[in-house]
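Okay, data.txt now, which holds compact mmCIF, C-alpha atoms:
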# COMPACT_ATOMS: atom_id res chain seq x y z
CA MET A 19 -14.83 42.09 -24.66
CA LYS A 20 -17.62 44.40 -25.75
CA ILE A 21 -19.37 43.85 -29.10
CA LEU A 22 -22.26 45.69 -30.72
CA LEU A 23 -24.27 44.01 -33.46
CA LYS A 24 -26.27 46.50 -35.50
CA SER A 25 -29.62 45.76 -37.16
CA ALA A 26 -29.55 42.03 -36.51
CA THR A 27 -32.70 40.01 -37.24
CA VAL A 28 -33.22 37.59 -34.35
CA VAL A 29 -34.19 34.05 -35.38
CA ASP A 30 -35.14 32.36 -32.11
CA PRO A 31 -38.73 31.23 -31.43
CA SER A 32 -37.98 31.13 -27.68
CA SER A 33 -37.07 34.84 -27.67
CA LYS A 34 -39.52 37.74 -27.46
CA HIS A 35 -37.39 39.36 -30.17
CA HIS A 36 -38.04 36.55 -32.68
CA LEU A 37 -37.93 37.83 -36.28
CA LYS A 38 -37.43 41.41 -35.10
CA LYS A 39 -34.52 43.61 -36.16
CA ARG A 40 -32.52 44.65 -33.11
CA ASP A 41 -29.20 46.07 -31.99
CA VAL A 42 -27.48 43.68 -29.59
CA LEU A 43 -24.80 44.73 -27.10
CA ILE A 44 -22.58 41.97 -25.73
CA GLN A 45 -20.29 42.48 -22.76
CA LYS A 46 -18.11 39.95 -20.92
CA GLY A 47 -19.71 37.05 -22.75
CA GLN A 48 -23.27 38.07 -21.85
CA ILE A 49 -26.00 39.84 -23.81
CA ALA A 50 -26.11 43.15 -21.95
CA LYS A 51 -28.80 44.95 -23.95
CA ILE A 52 -31.20 44.37 -26.84
CA ALA A 53 -33.00 47.37 -28.30
CA ALA A 54 -34.16 48.98 -31.53
CA SER A 55 -31.09 51.21 -31.45
CA ILE A 56 -27.96 51.16 -29.29
CA SER A 57 -24.91 53.42 -29.42
CA ASP A 58 -21.65 52.58 -27.66
CA ALA A 59 -18.41 54.07 -28.94
CA SER A 60 -16.34 51.74 -26.78
CA ALA A 61 -17.74 48.58 -28.38
CA LYS A 62 -16.39 46.69 -31.38
CA THR A 63 -19.24 47.31 -33.82
CA PHE A 64 -20.40 45.02 -36.62
CA ASN A 65 -22.87 46.38 -39.16
CA LEU A 66 -23.14 43.49 -41.62
CA PRO A 67 -25.48 43.28 -44.63
CA ASN A 68 -28.73 41.41 -43.89
CA LEU A 69 -27.34 40.20 -40.58
CA HIS A 70 -29.34 37.47 -38.84
CA ILE A 71 -28.49 35.83 -35.51
CA SER A 72 -29.64 32.64 -33.82
CA GLN A 73 -28.62 30.48 -30.91
CA GLY A 74 -25.27 28.88 -31.67
CA TRP A 75 -25.41 26.00 -34.14
CA PHE A 76 -24.38 22.50 -33.09
CA ASP A 77 -22.98 19.75 -35.31
CA PRO A 78 -23.11 16.34 -33.59
CA GLY A 79 -20.94 14.50 -36.13
CA VAL A 80 -17.62 16.21 -36.92
CA SER A 81 -14.41 14.28 -37.61
CA PHE A 82 -10.97 15.85 -37.23
CA GLY A 83 -7.83 13.81 -37.77
CA GLU A 84 -5.96 14.62 -34.58
CA PRO A 85 -4.63 12.57 -32.89
CA GLY A 86 -3.18 10.13 -35.37
CA TYR A 87 -4.30 11.51 -38.73
CA GLU A 88 -3.15 15.12 -38.63
CA GLU A 89 -2.44 15.04 -42.37
CA ARG A 90 -6.22 15.05 -42.87
CA GLU A 91 -7.08 17.78 -40.36
CA ASN A 92 -5.68 18.88 -37.02
CA LEU A 93 -7.87 20.14 -34.21
CA ALA A 94 -6.80 23.77 -34.51
CA ASN A 95 -7.63 24.02 -38.21
CA GLY A 96 -10.76 21.96 -37.73
CA LEU A 97 -12.09 24.43 -35.17
CA ARG A 98 -11.14 27.32 -37.47
CA THR A 99 -13.17 25.65 -40.21
CA ALA A 100 -16.13 25.19 -37.85
CA ALA A 101 -15.93 28.85 -36.82
CA ASN A 102 -15.85 30.02 -40.44
CA SER A 103 -18.94 27.88 -40.99
CA GLY A 104 -20.92 29.35 -38.09
CA PHE A 105 -20.87 26.35 -35.73
CA ALA A 106 -20.53 27.42 -32.10
CA HIS A 107 -20.54 23.79 -30.94
CA VAL A 108 -19.22 20.59 -32.50
CA ALA A 109 -19.04 17.02 -31.23
CA VAL A 110 -15.60 15.66 -32.07
CA GLN A 111 -15.79 12.04 -33.22
CA THR A 112 -13.83 8.97 -32.17
CA ASN A 113 -12.26 7.93 -35.49
CA VAL A 114 -8.76 8.94 -34.43
CA LYS A 115 -5.68 7.01 -33.33
CA PRO A 116 -5.76 6.08 -30.53
CA VAL A 117 -9.54 5.85 -30.41
CA THR A 118 -11.18 8.11 -27.82
CA ASP A 119 -12.12 5.31 -25.43
CA SER A 120 -10.75 6.50 -22.08
CA LYS A 121 -10.75 9.47 -19.73
CA SER A 122 -7.22 10.42 -20.74
CA GLN A 123 -8.15 10.59 -24.42
CA VAL A 124 -11.13 12.82 -23.61
CA GLU A 125 -8.80 15.05 -21.57
CA PHE A 126 -6.35 15.26 -24.47
CA ILE A 127 -8.95 16.63 -26.89
CA GLN A 128 -10.34 19.01 -24.26
CA SER A 129 -6.88 20.42 -23.54
CA LYS A 130 -6.08 20.87 -27.25
CA THR A 131 -9.35 22.72 -27.94
CA ALA A 132 -9.69 24.90 -24.83
CA GLY A 133 -10.11 28.66 -25.18
CA HIS A 134 -11.55 28.63 -28.70
CA ALA A 135 -14.68 30.43 -29.89
CA VAL A 136 -16.03 27.02 -30.94
CA SER A 137 -16.90 24.70 -28.06
CA ALA A 138 -15.48 21.27 -28.90
CA HIS A 139 -17.51 18.60 -27.12
CA VAL A 140 -15.99 15.14 -26.98
CA THR A 141 -17.69 11.94 -28.14
CA GLY A 142 -16.40 8.85 -26.37
CA ALA A 143 -16.21 5.44 -27.99
CA LEU A 144 -18.87 2.92 -27.00
CA SER A 145 -16.45 -0.01 -27.05
CA MET A 146 -12.74 -0.37 -26.40
CA GLY A 147 -10.85 0.58 -29.53
CA ALA A 148 -14.25 0.88 -31.28
CA LYS A 149 -13.91 -2.85 -31.95
CA GLY A 150 -17.40 -3.75 -30.75
CA VAL A 151 -16.23 -6.35 -28.21
CA ASP A 152 -15.82 -4.83 -24.74
CA LEU A 153 -17.61 -1.81 -23.33
CA ALA A 154 -15.38 1.26 -23.02
CA GLU A 155 -14.94 3.34 -19.85
CA LEU A 156 -18.30 5.09 -20.27
CA TYR A 157 -18.72 6.45 -16.76
CA ASP A 158 -15.16 7.75 -16.47
CA MET A 159 -15.47 9.48 -19.84
CA HIS A 160 -18.85 10.91 -18.84
CA LYS A 161 -17.37 12.33 -15.62
CA GLN A 162 -14.64 13.94 -17.70
CA GLY A 163 -17.24 15.55 -19.96
CA ALA A 164 -17.92 13.18 -22.88
CA ILE A 165 -21.42 14.00 -24.18
CA SER A 166 -22.27 10.67 -25.87
CA PHE A 167 -20.83 7.27 -26.77
CA TYR A 168 -20.38 6.12 -30.35
CA ASP A 169 -18.11 3.86 -32.38
CA HIS A 170 -18.07 6.30 -35.28
CA LYS A 171 -19.60 4.75 -38.45
CA ARG A 172 -19.01 1.25 -37.09
CA PRO A 173 -22.17 -0.83 -36.60
CA ILE A 174 -22.60 -2.55 -33.24
CA ILE A 175 -22.82 -6.15 -34.42
CA ASN A 176 -23.15 -7.61 -30.92
CA ALA A 177 -26.73 -6.89 -29.81
CA ASN A 178 -25.89 -7.79 -26.22
CA LEU A 179 -23.18 -5.11 -26.15
CA LEU A 180 -25.71 -2.45 -27.11
CA LYS A 181 -28.17 -3.83 -24.56
CA ILE A 182 -25.56 -3.58 -21.79
CA ALA A 183 -24.55 -0.07 -22.89
CA LEU A 184 -28.16 1.15 -22.80
CA LEU A 185 -28.67 -0.35 -19.36
CA TYR A 186 -25.39 0.90 -17.91
CA ALA A 187 -25.66 4.44 -19.31
CA GLN A 188 -29.00 4.95 -17.55
CA SER A 189 -27.16 5.27 -14.23
CA PHE A 190 -25.81 8.65 -15.35
CA ASP A 191 -28.36 9.52 -18.10
CA GLY A 192 -25.79 8.86 -20.81
CA LEU A 193 -26.59 9.04 -24.52
CA VAL A 194 -25.75 5.94 -26.58
CA GLN A 195 -25.36 6.09 -30.36
CA SER A 196 -25.65 3.21 -32.83
CA PHE A 197 -24.74 3.47 -36.51
CA PRO A 198 -27.70 2.21 -38.59
CA MET A 199 -26.23 -0.46 -40.81
CA ASP A 200 -26.29 -4.25 -40.71
CA PRO A 201 -22.88 -5.14 -42.20
CA SER A 202 -23.96 -8.65 -43.17
CA ILE A 203 -26.59 -7.13 -45.47
CA ALA A 204 -24.47 -4.20 -46.65
CA ALA A 205 -21.56 -6.61 -47.32
CA LYS A 206 -19.13 -5.04 -49.80
CA GLY A 207 -21.56 -2.50 -51.22
CA VAL A 208 -20.15 0.87 -52.27
CA MET A 209 -23.35 2.82 -53.06
CA SER A 210 -27.10 2.55 -52.56
CA GLU A 211 -28.63 -0.54 -54.13
CA GLY A 212 -31.09 0.27 -56.90
CA VAL A 213 -31.48 1.24 -60.54
CA THR A 214 -28.39 3.47 -60.55
CA SER A 215 -26.08 0.87 -58.96
CA THR A 216 -27.29 -1.71 -61.49
CA MET A 217 -26.65 0.66 -64.41
CA LEU A 218 -23.16 1.47 -63.12
CA GLY A 219 -22.29 -2.11 -62.28
CA LEU A 220 -21.42 -1.23 -58.69
CA LYS A 221 -22.24 -3.35 -55.64
CA GLY A 222 -25.19 -1.92 -53.75
CA ILE A 223 -26.00 -1.33 -50.10
CA PRO A 224 -29.69 -2.24 -49.67
CA HIS A 225 -32.12 -0.04 -47.77
CA LEU A 226 -32.74 -3.18 -45.72
CA SER A 227 -29.28 -2.94 -44.16
CA GLU A 228 -30.34 0.29 -42.44
CA SER A 229 -33.94 -0.56 -41.51
CA LEU A 230 -32.97 -3.99 -40.16
CA GLN A 231 -30.40 -2.48 -37.79
CA ILE A 232 -32.78 0.26 -36.67
CA ASN A 233 -35.52 -2.29 -36.01
CA ARG A 234 -33.12 -4.28 -33.83
CA ASP A 235 -31.87 -1.22 -31.97
CA LEU A 236 -35.37 0.08 -31.29
CA ALA A 237 -36.39 -3.33 -29.96
CA LEU A 238 -33.41 -3.25 -27.60
CA LEU A 239 -34.26 0.28 -26.50
CA GLU A 240 -37.84 -0.73 -25.75
CA TYR A 241 -36.54 -3.65 -23.69
CA THR A 242 -33.87 -1.76 -21.73
CA GLY A 243 -35.02 1.84 -21.54
CA GLY A 244 -32.35 4.53 -21.73
CA ARG A 245 -31.55 7.05 -24.42
CA LEU A 246 -30.57 6.15 -27.99
CA HIS A 247 -29.40 8.38 -30.83
CA ILE A 248 -29.37 7.05 -34.38
CA PRO A 249 -26.95 9.13 -36.47
CA THR A 250 -27.21 9.86 -40.20
CA VAL A 251 -30.38 8.04 -41.24
CA SER A 252 -30.73 7.89 -45.02
CA THR A 253 -33.92 6.09 -46.06
CA ALA A 254 -37.68 6.62 -46.07
CA GLU A 255 -38.10 3.35 -44.17
CA SER A 256 -35.87 4.62 -41.36
CA VAL A 257 -37.93 7.79 -40.98
CA ALA A 258 -41.12 5.72 -40.66
CA LEU A 259 -39.58 3.40 -38.06
CA ILE A 260 -38.31 6.25 -35.89
CA LYS A 261 -41.58 8.14 -36.17
CA ALA A 262 -43.46 5.07 -34.91
CA ALA A 263 -40.95 4.59 -32.06
CA LYS A 264 -41.39 8.18 -30.91
CA LYS A 265 -45.17 7.73 -30.90
CA LYS A 266 -44.64 4.75 -28.58
CA GLY A 267 -42.73 7.02 -26.21
CA LEU A 268 -39.23 5.63 -26.73
CA ALA A 269 -36.38 8.02 -25.95
CA VAL A 270 -34.89 7.95 -29.43
CA SER A 271 -33.45 10.79 -31.48
CA CYS A 272 -31.80 10.85 -34.87
CA SER A 273 -29.87 13.04 -37.29
CA VAL A 274 -29.50 13.28 -41.05
CA SER A 275 -26.48 14.30 -43.10
CA VAL A 276 -26.86 17.47 -45.15
CA ASN A 277 -25.51 15.42 -48.08
CA ASN A 278 -28.57 13.14 -48.02
CA LEU A 279 -30.94 16.11 -47.94
CA VAL A 280 -29.48 17.69 -51.08
CA LEU A 281 -27.90 14.93 -53.21
CA THR A 282 -29.09 11.58 -54.58
CA ASP A 283 -27.41 8.46 -55.96
CA GLY A 284 -27.72 9.95 -59.45
CA ALA A 285 -24.65 12.07 -58.62
CA LEU A 286 -22.48 8.93 -58.93
CA GLU A 287 -23.09 8.43 -62.66
CA ASN A 288 -19.57 9.67 -63.47
CA PHE A 289 -17.95 7.54 -60.72
CA GLU A 290 -16.84 10.67 -58.82
CA THR A 291 -15.36 9.42 -55.54
CA ARG A 292 -16.28 12.64 -53.71
CA PHE A 293 -19.86 11.33 -53.79
CA LYS A 294 -18.87 8.04 -52.14
CA LEU A 295 -20.36 8.53 -48.68
CA HIS A 296 -21.32 6.54 -45.60
CA PRO A 297 -24.31 6.26 -45.42
CA PRO A 298 -24.58 6.30 -49.21
CA LEU A 299 -26.60 8.77 -51.22
CA ARG A 300 -30.07 7.32 -51.76
CA THR A 301 -32.99 7.92 -54.15
CA GLU A 302 -35.08 11.03 -54.73
CA LYS A 303 -37.92 9.35 -52.82
CA ASP A 304 -35.64 8.93 -49.82
CA ARG A 305 -34.37 12.50 -50.06
CA ARG A 306 -37.92 13.86 -49.99
CA ALA A 307 -38.85 11.62 -47.05
CA LEU A 308 -35.82 12.85 -45.11
CA ILE A 309 -36.75 16.49 -45.72
CA LYS A 310 -40.33 15.80 -44.62
CA GLY A 311 -39.10 13.96 -41.52
CA LEU A 312 -36.87 16.89 -40.60
CA LYS A 313 -39.69 19.38 -41.04
CA ASP A 314 -42.21 17.40 -38.98
CA GLY A 315 -39.77 16.73 -36.13
CA THR A 316 -39.21 13.01 -36.67
CA ILE A 317 -35.57 13.82 -37.47
CA ASP A 318 -34.22 15.99 -34.65
CA GLY A 319 -31.37 17.75 -36.43
CA VAL A 320 -28.71 17.74 -39.09
CA THR A 321 -24.99 17.09 -39.26
CA SER A 322 -22.50 18.22 -41.87
CA ASP A 323 -20.93 14.75 -41.43
CA HIS A 324 -17.59 16.51 -41.89
CA ASN A 325 -14.93 13.88 -42.57
CA PRO A 326 -11.62 15.10 -44.07
CA LEU A 327 -9.67 12.52 -46.07
CA ASP A 328 -6.30 12.86 -47.75
CA ILE A 329 -5.96 12.65 -51.52
CA GLU A 330 -4.54 9.10 -51.47
CA ARG A 331 -7.84 7.82 -50.06
CA LYS A 332 -10.17 9.63 -52.46
CA ARG A 333 -8.49 9.93 -55.86
CA VAL A 334 -8.40 6.22 -56.58
CA GLU A 335 -10.74 3.74 -58.25
CA PHE A 336 -14.30 4.08 -56.92
CA ASP A 337 -14.32 0.65 -55.25
CA LEU A 338 -11.07 1.44 -53.41
CA ALA A 339 -11.89 5.00 -52.29
CA ASN A 340 -12.73 5.68 -48.66
CA PRO A 341 -16.23 7.04 -48.05
CA GLY A 342 -16.53 10.54 -46.65
CA SER A 343 -16.68 14.24 -47.43
CA ILE A 344 -15.89 17.52 -45.74
CA GLY A 345 -19.10 19.37 -45.04
CA LEU A 346 -18.83 22.19 -42.52
CA GLU A 347 -18.24 25.01 -45.00
CA ALA A 348 -21.18 24.05 -47.22
CA ALA A 349 -23.71 22.98 -44.59
CA PHE A 350 -25.69 26.19 -44.10
CA GLY A 351 -25.73 27.22 -47.74
CA ALA A 352 -26.70 23.74 -48.93
CA LEU A 353 -29.58 23.59 -46.45
CA GLY A 354 -30.84 26.81 -48.05
CA GLN A 355 -31.73 24.76 -51.12
CA VAL A 356 -34.35 22.75 -49.21
CA LEU A 357 -35.30 24.61 -45.99
CA THR A 358 -36.53 28.05 -44.96
CA THR A 359 -34.43 30.23 -42.67
CA GLU A 360 -36.37 29.21 -39.56
CA GLU A 361 -36.25 25.54 -40.55
CA ARG A 362 -32.49 25.74 -41.03
CA VAL A 363 -31.96 27.24 -37.60
CA ALA A 364 -34.18 24.58 -36.03
CA ALA A 365 -32.23 21.84 -37.84
CA LEU A 366 -28.88 23.28 -36.75
CA THR A 367 -29.84 23.73 -33.09
CA GLY A 368 -32.35 20.90 -32.64
CA LEU A 369 -29.93 18.41 -31.08
CA ARG A 370 -28.39 20.70 -28.47
CA LYS A 371 -30.78 19.53 -25.76
CA GLU A 372 -30.41 15.84 -26.60
CA PHE A 373 -26.62 16.09 -26.29
CA GLY A 374 -26.77 18.11 -23.07
CA ILE A 375 -25.65 21.47 -24.45
CA PRO A 376 -27.36 24.24 -22.44
CA SER A 377 -29.59 26.65 -24.35
CA SER A 378 -31.16 29.95 -23.42
CA PRO A 379 -33.25 32.43 -25.40
CA ILE A 380 -31.61 35.38 -27.09
CA ALA A 381 -32.41 37.82 -24.31
CA GLU A 382 -30.74 40.29 -21.99
CA ASN A 383 -28.54 38.62 -19.35
CA SER A 384 -28.30 35.40 -21.38
CA PRO A 385 -24.93 34.00 -22.48
CA ALA A 386 -23.77 35.25 -25.88
CA ASP A 387 -23.81 31.94 -27.74
CA LEU A 388 -24.69 33.07 -31.26
CA SER A 389 -24.28 32.18 -34.92
CA LEU A 390 -24.22 35.07 -37.40
CA PHE A 391 -25.40 34.72 -41.00
CA ASP A 392 -27.12 36.11 -44.08
CA PRO A 393 -29.80 33.59 -45.09
CA GLU A 394 -30.32 34.98 -48.60
CA ALA A 395 -26.84 35.41 -50.11
CA GLU A 396 -26.30 33.25 -53.18
CA TRP A 397 -22.93 31.80 -54.15
CA THR A 398 -21.29 28.70 -55.60
CA PHE A 399 -19.25 26.38 -53.41
CA THR A 400 -15.78 25.91 -54.91
CA GLU A 401 -12.40 24.81 -53.61
CA GLU A 402 -11.49 28.45 -52.93
CA ALA A 403 -14.12 28.47 -50.15
CA VAL A 404 -12.54 25.52 -48.34
CA CYS A 405 -10.72 26.17 -45.07
CA SER A 406 -10.31 22.49 -44.26
CA SER A 407 -6.92 20.89 -44.89
CA SER A 408 -8.63 18.26 -47.06
CA LYS A 409 -10.59 19.00 -50.23
CA ASN A 410 -12.88 15.97 -50.53
CA ALA A 411 -16.15 17.88 -50.82
CA ALA A 412 -19.33 16.31 -52.19
CA MET A 413 -20.89 19.78 -52.43
CA PHE A 414 -18.43 21.30 -54.91
CA ASP A 415 -20.21 23.28 -57.67
CA GLN A 416 -23.49 23.35 -55.73
CA GLU A 417 -25.42 26.63 -55.63
CA MET A 418 -25.57 27.83 -52.03
CA VAL A 419 -28.36 29.89 -50.50
CA GLY A 420 -27.11 31.61 -47.38
CA ASN A 421 -23.72 32.84 -46.22
CA VAL A 422 -22.09 32.68 -42.79
CA TYR A 423 -20.50 35.65 -41.04
CA GLY A 424 -19.17 33.75 -38.03
CA LEU A 425 -20.07 33.37 -34.36
CA ILE A 426 -19.84 34.75 -30.85
CA ASN A 427 -19.26 32.26 -28.04
CA ASN A 428 -17.09 31.62 -24.99
CA ASN A 429 -16.55 35.36 -24.41
CA THR A 430 -14.85 35.70 -27.78
CA TYR A 431 -15.80 36.00 -31.43
CA HIS A 432 -14.86 34.87 -34.91
CA ILE A 433 -16.05 37.04 -37.81
CA ASN A 434 -15.04 36.04 -41.34
CA GLY A 435 -13.04 38.55 -43.35

As structure tokens, the full file:
Amino acid sequence: MKILLKSATVVDPSSKHHLKKRDVLIQKGQIAKIAASISDASAKTFNLPNLHISQGWFDPGVSFGEPGYEERENLANGLRTAANSGFAHVAVQTNVKPVTDSKSQVEFIQSKTAGHAVSAHVTGALSMGAKGVDLAELYDMHKQGAISFYDHKRPIINANLLKIALLYAQSFDGLVQSFPMDPSIAAKGVMSEGVTSTMLGLKGIPHLSESLQINRDLALLEYTGGRLHIPTVSTAESVALIKAAKKKGLAVSCSVSVNNLVLTDGALENFETRFKLHPPLRTEKDRRALIKGLKDGTIDGVTSDHNPLDIERKRVEFDLANPGSIGLEAAFGALGQVLTTEERVAALTGLRKEFGIPSSPIAENSPADLSLFDPEAEWTFTEEAVCSSSKNAAMFDQEMVGNVYGLINNNTYHING
């Protein structure tokens, strides 16, 4: 494979070509040459309007339905959706059937996703069956290639289980994840607790449910050592807690959902179930605190929190609807509402190191692991733009800033259109 990218603006602070417009020649999966002008008649040439390139984006929180829930999304179409959306790397979550809690289940996903332009990294469950009782086969899954351990969206109620996981995972430098919600405080809440939930007459999920769990988890981390990732934080209090923990030197990282950076609980005023999310949409104050935390490095990166759901689980009464939204297709354009181009790239690549995904500057003789995009194109996200099998998108009708061309990775490429 030989590819020539013409007039591509490089967005990579670790590269000497940062913010410069360059031609990039790629051969056999490597960047062979970067120069002001390159000609090669034998190369597949792409001369795309306002082309920008960065190191390949990584989404640490992507759900596909296979195995068990293929009617929502199978792995093949899920990876196609990720490729259309510019993500060179995704971490496939454990909310499948059977739960990814063993070496064989990790192998299954790896075999089904091999050879694709998108690298599908496997998340292993923290506990058997994600039931929060017995520790799963962490070491065996790690040896097979699992990059972290997480009972997807399920809080670890048993503090001793998390303590043991943090201690055990240190023997192989494993990354443990803990969903930030105390279920005894959240109870049967369906949206963020506050003025809007009171006006709508819906049961609320207090901010306390998140900060209480994070406080506990950080205390455990300080006691045990190890590495902890807190996915999808949603409140100003959470940002403050994690910022303080990092100042103390704790090995903690966190992510935020694009949904919580762009939308607030005010979106639920018409009881639209596509806005029923987990964690819930919070207040404008929280949204601003999350953006600030992302910009100052307290929050390490973003996730689309892509979670396809079939129509029977979304088009029902609000209380009965499952929480979740697809998000891959809208992630980059939605981030354009709140972040600059360089900030978006940092947010979309910031968790690669934490999850053990190798990175190298955009330079000659480096692997071609690239996302391709136009950061300025404006468009409206509608159902016609959805590649996912499910259509439960919180971002419908949002004005997007930035369009994705595709990616180059794994000695292959995927260019939209």

Around the point (-8.4, 15.5, -21.5) (coordinates from the file), which residues reach within 12 Å if we count all atoms listed in the file? Answer as a ChimeraX atom specification. /A:118-132,138-142,158-164

What is the distance, in Å and to one decimal place, between atom CA of Met418 of chain A and atom CA of Asn92 of chain A?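 Atom-to-atom, atom CA of Met418 of chain A and atom CA of Asn92 of chain A are spaced 26.5 Å apart.
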
Judged by all atoms listed in the file, the minimum distance to Ala411 of chain A among A:Leu388, A:Leu295, A:Leu425, A:Val363 is found for A:Leu295

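Excluding Thr63 of chain A itself and same-chain residues fewer than 6 positions from it, the residues having an atom within 7 Å of it are A:Ile21, A:Leu22, A:Leu23, counting all atoms listed in the file.
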
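The residue set within 8 Å of segment 265-275 of chain A, counting only C-alpha atoms and dropping same-chain residues fewer than 5 places from it, reads Leu239, Glu240, Gly243, Gly244, Arg245, Leu246, His247, Ile248, Pro249, Thr250, Val251, Ser252, Ile260, Leu308, Thr316, Ile317, Asp318, Gly319, Val320, Thr321, Ser322, Asp323 and Glu372 of chain A.
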
Can you pull out the residues contacting Val136 of chain A? Cut-off 7 Å, using all atoms listed in the file, and skip same-chain residues under 2 positions away; I want them as a PyMOL selection string. chain A and resi 97+101+105-107+134+138+427

For Leu390 of chain A, list every protein, DNA or RNA residue within 8 Å, evaluated using all atoms listed in the file, and leave out those in the same chain fewer than 2 positions away; present the list as a PyMOL selection string. chain A and resi 69-72+104+388+392+422-426

Mind writing segment 119-176 of chain A to a file for me, with C-alpha atoms, as a short mmCIF file (atom, residue, chain, number, x, y, z; two decimals), in the first residue's frame?
data_model
loop_
_atom_site.label_atom_id
_atom_site.label_comp_id
_atom_site.auth_asym_id
_atom_site.auth_seq_id
_atom_site.Cartn_x
_atom_site.Cartn_y
_atom_site.Cartn_z
CA ASP A 119 -14.66 -11.89 31.70
CA SER A 120 -12.26 -14.58 30.44
CA LYS A 121 -9.36 -15.14 28.07
CA SER A 122 -11.60 -16.95 25.59
CA GLN A 123 -14.00 -14.01 25.38
CA VAL A 124 -11.11 -11.62 24.76
CA GLU A 125 -9.87 -13.96 22.01
CA PHE A 126 -13.33 -14.03 20.42
CA ILE A 127 -13.48 -10.25 20.02
CA GLN A 128 -9.89 -10.10 18.80
CA SER A 129 -10.54 -12.73 16.14
CA LYS A 130 -13.74 -11.01 14.95
CA THR A 131 -12.02 -7.62 14.60
CA ALA A 132 -8.62 -8.60 13.17
CA GLY A 133 -7.40 -7.02 9.95
CA HIS A 134 -9.49 -3.86 10.16
CA ALA A 135 -8.27 -0.28 9.74
CA VAL A 136 -9.61 0.41 13.25
CA SER A 137 -7.68 -1.29 16.05
CA ALA A 138 -10.24 -2.83 18.42
CA HIS A 139 -8.73 -3.10 21.89
CA VAL A 140 -10.58 -5.30 24.35
CA THR A 141 -11.76 -4.23 27.80
CA GLY A 142 -12.06 -7.12 30.24
CA ALA A 143 -14.62 -7.25 33.01
CA LEU A 144 -13.37 -6.54 36.53
CA SER A 145 -15.63 -9.15 38.11
CA MET A 146 -17.08 -12.44 36.92
CA GLY A 147 -20.19 -11.75 34.88
CA ALA A 148 -19.78 -8.06 35.86
CA LYS A 149 -21.78 -8.96 38.98
CA GLY A 150 -19.40 -7.29 41.41
CA VAL A 151 -18.85 -10.41 43.55
CA ASP A 152 -15.77 -12.35 42.44
CA LEU A 153 -12.71 -10.99 40.67
CA ALA A 154 -12.52 -11.99 37.00
CA GLU A 155 -9.50 -13.62 35.34
CA LEU A 156 -7.55 -10.35 35.16
CA TYR A 157 -4.08 -11.74 34.54
CA ASP A 158 -5.18 -14.23 31.89
CA MET A 159 -7.11 -11.51 30.06
CA HIS A 160 -4.13 -9.15 30.35
CA LYS A 161 -1.81 -11.78 28.84
CA GLN A 162 -4.27 -12.17 25.97
CA GLY A 163 -4.23 -8.41 25.37
CA ALA A 164 -7.03 -6.82 27.43
CA ILE A 165 -6.04 -3.18 28.04
CA SER A 166 -8.11 -2.47 31.18
CA PHE A 167 -10.72 -3.98 33.49
CA TYR A 168 -14.19 -2.51 33.90
CA ASP A 169 -17.71 -3.66 34.70
CA HIS A 170 -19.19 -1.28 32.15
CA LYS A 171 -21.49 1.32 33.81
CA ARG A 172 -21.91 -0.91 36.86
CA PRO A 173 -20.67 0.59 40.13
CA ILE A 174 -18.38 -1.55 42.27
CA ILE A 175 -20.44 -1.70 45.44
CA ASN A 176 -18.01 -3.93 47.31
#
